[in-house]
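Take a look at the structure below.
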Amino acid sequence: MQYHYIGNASVPTESGRTIPVLDPSDGQAFDELQRGSPQDIDLAVRSARECQDSVWSKLSAAERGRLLMRLSGSVLQHADELTAIEQRDCGKPTRQARADVLALARYFEFYAGACDKLHGETLPYQQGYSALTWREPHGVTGHIVPWNYPMQILGRSVGAALAAGNTCVVKPSEDACLSVLRVARLATEAGFPAGAFNVVTGLGHEVGEALARHPGVDHLSFTGSPGVGTLIQQAAAERHCPVTLELGGKSPQIVFADADLDAAVPAIVNAIVQNAGQTCSAGSRVLIDSLIYEPLLERLGQAFEALRVGPAAMDLDLGPLIRASQQQRVWDFLSDAQVAGIAVVAQGQIVEDAPDSGFYQAPTLLRDVPPEHRLAQEEIFGPVLCAMPFHDEDHAVQLANGTAYGLVAGLWTRDGARQLRLARRLRCGQVFINNYGAGGGVELPFGGVKSSGHGREKGFEALYGFTTLKTVAIRHG
Ligand code: NAD
């Protein structure tokens, strides 16, 4: 049985209700979570506030940094255990689960080092005055975390918030809580004071909403679907609470005829099959120069056919999807493709050892997807790559920018002038040229425009979002 983690202690929910924890590889329940209530959120927020006022705000930036560095080391020491937890809870192949653990440790390490480099400025002002700015923490920050990368998103969000001097209340997804709860306990062992790092589990519309509405929360960060992002922003607007939203994407990978296809093909495939396509920055559309459309589709098709899907512990190219409803969502998109006459170029294979009760989906490459079709517009969040041709740069940019999203774009070309020209014209938060970093880059600011959200996480930039600026003007004559 898993409990909330509040004030450095395991706490049962006052509701007395629980949620089963399923293994996506076989669909079977193997543990239970607390189905928290708004009262549990209130307890956690009060614990975070008390810690903020009594202990956390009195630590120096260097002391916060030392704690985060110790936590980073502890994550590495427990890498095997955390990998196994994540593999079973989220259905991640071993290599992916381990990569997530290493990224978590790296986030804590990065923000440990950043703590005492965050500072304000002195400003030129009127004669007889000195003016300066201080970067101050918001206070208590709320973090609503999705199920696709619980450890990585915890690291980038909570790591930066703690580094900036906030205390945290985390609401992980009901589908992926176990690693988050384990990391919170590791934080206690690393020396974090009671209330600095709290975790409340439960359903989104119960505890997630209670966290978003709680008047004691001074900043909210949310990663997930645009629909829920809207609800969070509405709840925050009621009390003028700042929000960072990361709401996914429909990111294009644009391939020109002069591209190095030997480098591009494996990167394009990985950008959509990594984590079984359940990646906000997945490269889910491939826009191909019409000069190389057929030959590139053939190469991509061969790569897709070689992909194998199976139980997480088999450590194949793809594991299962997170849950049955996500599998159904992908099936619905694929059945729409069939109705619209959209052709399948190639599919990978689900291995025979995969239990029927697991949530498996073969990676699928579709061709000539009409740009206005929902397959080309909406986030499928599964291993489905939509290919479409373009005939020149303007057409490529029009297709790339032609969705409601704007998170990441990949650009494959050897032409340096074109690289810069297009990077400027693409409406998104990150452009990768001759590489693609689905979710990668602890050091690189990350976030979107349009329906992909606003605010930036990762990198040093995240620390600005987790602080507020105070201006001080002193008249001394
Ligand atoms: P979701 O947006 O419902 O859930 C994300 C988080 O928000 C979870 O912790 C959930 O408990 C919480 N939540 C849900 N309803 C809430 C509410 N009313 N108030 C406050 N918190 C709430 O995402 P999902 O249902 O798990 O997945 C649906 C789709 O969302 C996916 O298919 C995918 O397209 C998208 N998604 C995107 C990301 C991303 O990284 N951007 C991550 C997960 C899901």
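Chain labels run A, B, ... following the order of the structure tokens; each chain numbers its residues from 1, and ligands are numbered from 1 in the order shown.
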How would you report the residues lying within 9 Å of ligand 1, as a PyMOL selection string, if you count only C-alpha atoms and all ligand atoms? chain A and resi 143-149+153+171-176+201-213+222-229+231-232+235+245-249+278-281+325-326+329-330+378-382+452
If you count only C-alpha atoms, which residues fall within 9 Å of Ser251 of chain A, apart from same-chain ones fewer than 2 positions away, as an MDAnalysis selection string? chainID A and resid 248:249 253 280:286 400 405:410 428
Exercise: Glu121 of chain A partners within 7 Å, only C-alpha atoms, chain neighbours under 2 positions left out, as a ChimeraX atom specification: /A:119,123,132-133
Could those selected residues go to a file with N, CA and C atoms, as a tab-separated table (two decimals), in the first residue's frame?
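As written to disk, part-v6.tsv reads:
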```tsv
chain	number	residue	atom	x	y	z
A	119	HIS	N	20.53	35.62	-9.14
A	119	HIS	CA	20.61	36.87	-8.39
A	119	HIS	C	19.93	37.99	-9.15
A	123	LEU	N	20.36	48.78	-10.72
A	123	LEU	CA	19.79	49.48	-11.89
A	123	LEU	C	20.18	50.96	-11.85
A	132	LEU	N	17.80	48.36	-6.88
A	132	LEU	CA	18.23	46.97	-7.10
A	132	LEU	C	17.02	46.05	-7.19
A	133	THR	N	17.25	44.84	-7.71
A	133	THR	CA	16.18	43.84	-7.75
A	133	THR	C	16.62	42.59	-7.00
```
Which one is closest to Ile268 of chain A: A:Val384, A:Thr167, A:Ala343, A:Gln361? Count only C-alpha atoms.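 The closest residue to Ile268 of chain A is A:Val384.
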Excluding segment 301-303 of chain A and any residue of its chain fewer than 2 positions from it, enumerate the residues within 7 Å of it, using only C-alpha atoms, and give them as a PDB file with all heavy atoms, in the first residue's frame.
```
ATOM      1  N   LEU A 297      10.212   7.470 -47.528  1.00  0.00           N
ATOM      2  CA  LEU A 297       9.141   6.645 -46.933  1.00  0.00           C
ATOM      3  C   LEU A 297       9.548   5.172 -46.925  1.00  0.00           C
ATOM      4  O   LEU A 297       9.248   4.447 -45.978  1.00  0.00           O
ATOM      5  CB  LEU A 297       7.845   6.802 -47.734  1.00  0.00           C
ATOM      6  CG  LEU A 297       6.933   7.964 -47.371  1.00  0.00           C
ATOM      7  CD1 LEU A 297       5.624   7.862 -48.137  1.00  0.00           C
ATOM      8  CD2 LEU A 297       6.644   8.006 -45.870  1.00  0.00           C
ATOM      9  N   GLU A 298      10.228   4.755 -47.992  1.00  0.00           N
ATOM     10  CA  GLU A 298      10.649   3.353 -48.048  1.00  0.00           C
ATOM     11  C   GLU A 298      11.637   3.033 -46.918  1.00  0.00           C
ATOM     12  O   GLU A 298      11.505   2.032 -46.221  1.00  0.00           O
ATOM     13  CB  GLU A 298      11.284   3.073 -49.408  1.00  0.00           C
ATOM     14  CG  GLU A 298      11.374   1.588 -49.678  1.00  0.00           C
ATOM     15  CD  GLU A 298      12.017   1.306 -51.039  1.00  0.00           C
ATOM     16  OE1 GLU A 298      11.802   2.091 -51.986  1.00  0.00           O
ATOM     17  OE2 GLU A 298      12.732   0.297 -51.112  1.00  0.00           O
ATOM     18  N   ARG A 299      12.580   3.946 -46.696  1.00  0.00           N
ATOM     19  CA  ARG A 299      13.566   3.709 -45.626  1.00  0.00           C
ATOM     20  C   ARG A 299      12.905   3.750 -44.255  1.00  0.00           C
ATOM     21  O   ARG A 299      13.214   2.950 -43.370  1.00  0.00           O
ATOM     22  CB  ARG A 299      14.691   4.758 -45.707  1.00  0.00           C
ATOM     23  CG  ARG A 299      15.585   4.526 -46.911  1.00  0.00           C
ATOM     24  CD  ARG A 299      16.747   5.482 -46.929  1.00  0.00           C
ATOM     25  NE  ARG A 299      17.683   5.241 -45.825  1.00  0.00           N
ATOM     26  CZ  ARG A 299      18.889   5.784 -45.746  1.00  0.00           C
ATOM     27  NH1 ARG A 299      19.315   6.574 -46.714  1.00  0.00           N
ATOM     28  NH2 ARG A 299      19.680   5.543 -44.724  1.00  0.00           N
ATOM     29  N   GLU A 305       9.203  -1.536 -39.721  1.00  0.00           N
ATOM     30  CA  GLU A 305       8.955  -2.989 -39.734  1.00  0.00           C
ATOM     31  C   GLU A 305       9.900  -3.733 -38.800  1.00  0.00           C
ATOM     32  O   GLU A 305       9.577  -4.815 -38.308  1.00  0.00           O
ATOM     33  CB  GLU A 305       9.086  -3.528 -41.163  1.00  0.00           C
ATOM     34  CG  GLU A 305       7.777  -3.395 -41.916  1.00  0.00           C
ATOM     35  CD  GLU A 305       7.918  -3.542 -43.417  1.00  0.00           C
ATOM     36  OE1 GLU A 305       9.006  -3.929 -43.890  1.00  0.00           O
ATOM     37  OE2 GLU A 305       6.931  -3.241 -44.112  1.00  0.00           O
ATOM     38  N   ALA A 306      11.071  -3.174 -38.572  1.00  0.00           N
ATOM     39  CA  ALA A 306      12.054  -3.850 -37.703  1.00  0.00           C
ATOM     40  C   ALA A 306      11.765  -3.627 -36.220  1.00  0.00           C
ATOM     41  O   ALA A 306      12.397  -4.255 -35.358  1.00  0.00           O
ATOM     42  CB  ALA A 306      13.452  -3.336 -38.036  1.00  0.00           C
ATOM     43  N   LEU A 307      10.820  -2.763 -35.872  1.00  0.00           N
ATOM     44  CA  LEU A 307      10.576  -2.435 -34.457  1.00  0.00           C
ATOM     45  C   LEU A 307       9.789  -3.536 -33.760  1.00  0.00           C
ATOM     46  O   LEU A 307       8.859  -4.101 -34.329  1.00  0.00           O
ATOM     47  CB  LEU A 307       9.815  -1.104 -34.350  1.00  0.00           C
ATOM     48  CG  LEU A 307      10.567   0.135 -34.835  1.00  0.00           C
ATOM     49  CD1 LEU A 307       9.615   1.314 -35.001  1.00  0.00           C
ATOM     50  CD2 LEU A 307      11.701   0.491 -33.873  1.00  0.00           C
ATOM     51  N   VAL A 345       1.958   2.641 -44.308  1.00  0.00           N
ATOM     52  CA  VAL A 345       3.181   2.263 -45.031  1.00  0.00           C
ATOM     53  C   VAL A 345       3.778   1.025 -44.386  1.00  0.00           C
ATOM     54  O   VAL A 345       4.189   0.081 -45.063  1.00  0.00           O
ATOM     55  CB  VAL A 345       4.224   3.405 -44.990  1.00  0.00           C
ATOM     56  CG1 VAL A 345       5.516   2.996 -45.685  1.00  0.00           C
ATOM     57  CG2 VAL A 345       3.660   4.672 -45.589  1.00  0.00           C
ATOM     58  N   ALA A 346       3.840   1.030 -43.059  1.00  0.00           N
ATOM     59  CA  ALA A 346       4.480  -0.094 -42.360  1.00  0.00           C
ATOM     60  C   ALA A 346       4.086  -0.066 -40.891  1.00  0.00           C
ATOM     61  O   ALA A 346       3.714   0.982 -40.356  1.00  0.00           O
ATOM     62  CB  ALA A 346       5.995   0.034 -42.475  1.00  0.00           C
ATOM     63  N   LEU A 365       3.351   3.715 -39.389  1.00  0.00           N
ATOM     64  CA  LEU A 365       3.713   4.843 -40.272  1.00  0.00           C
ATOM     65  C   LEU A 365       2.594   5.030 -41.299  1.00  0.00           C
ATOM     66  O   LEU A 365       2.270   4.100 -42.040  1.00  0.00           O
ATOM     67  CB  LEU A 365       5.041   4.528 -40.974  1.00  0.00           C
ATOM     68  CG  LEU A 365       5.505   5.516 -42.046  1.00  0.00           C
ATOM     69  CD1 LEU A 365       5.747   6.912 -41.479  1.00  0.00           C
ATOM     70  CD2 LEU A 365       6.802   5.000 -42.720  1.00  0.00           C
TER      71      LEU A 365
END
```
Closest of A:Gln39, A:Lys58, A:Phe110, A:Lys250 to Ala271 of chain A - atom-to-atom distances counting only C-alpha atoms: A:Lys250
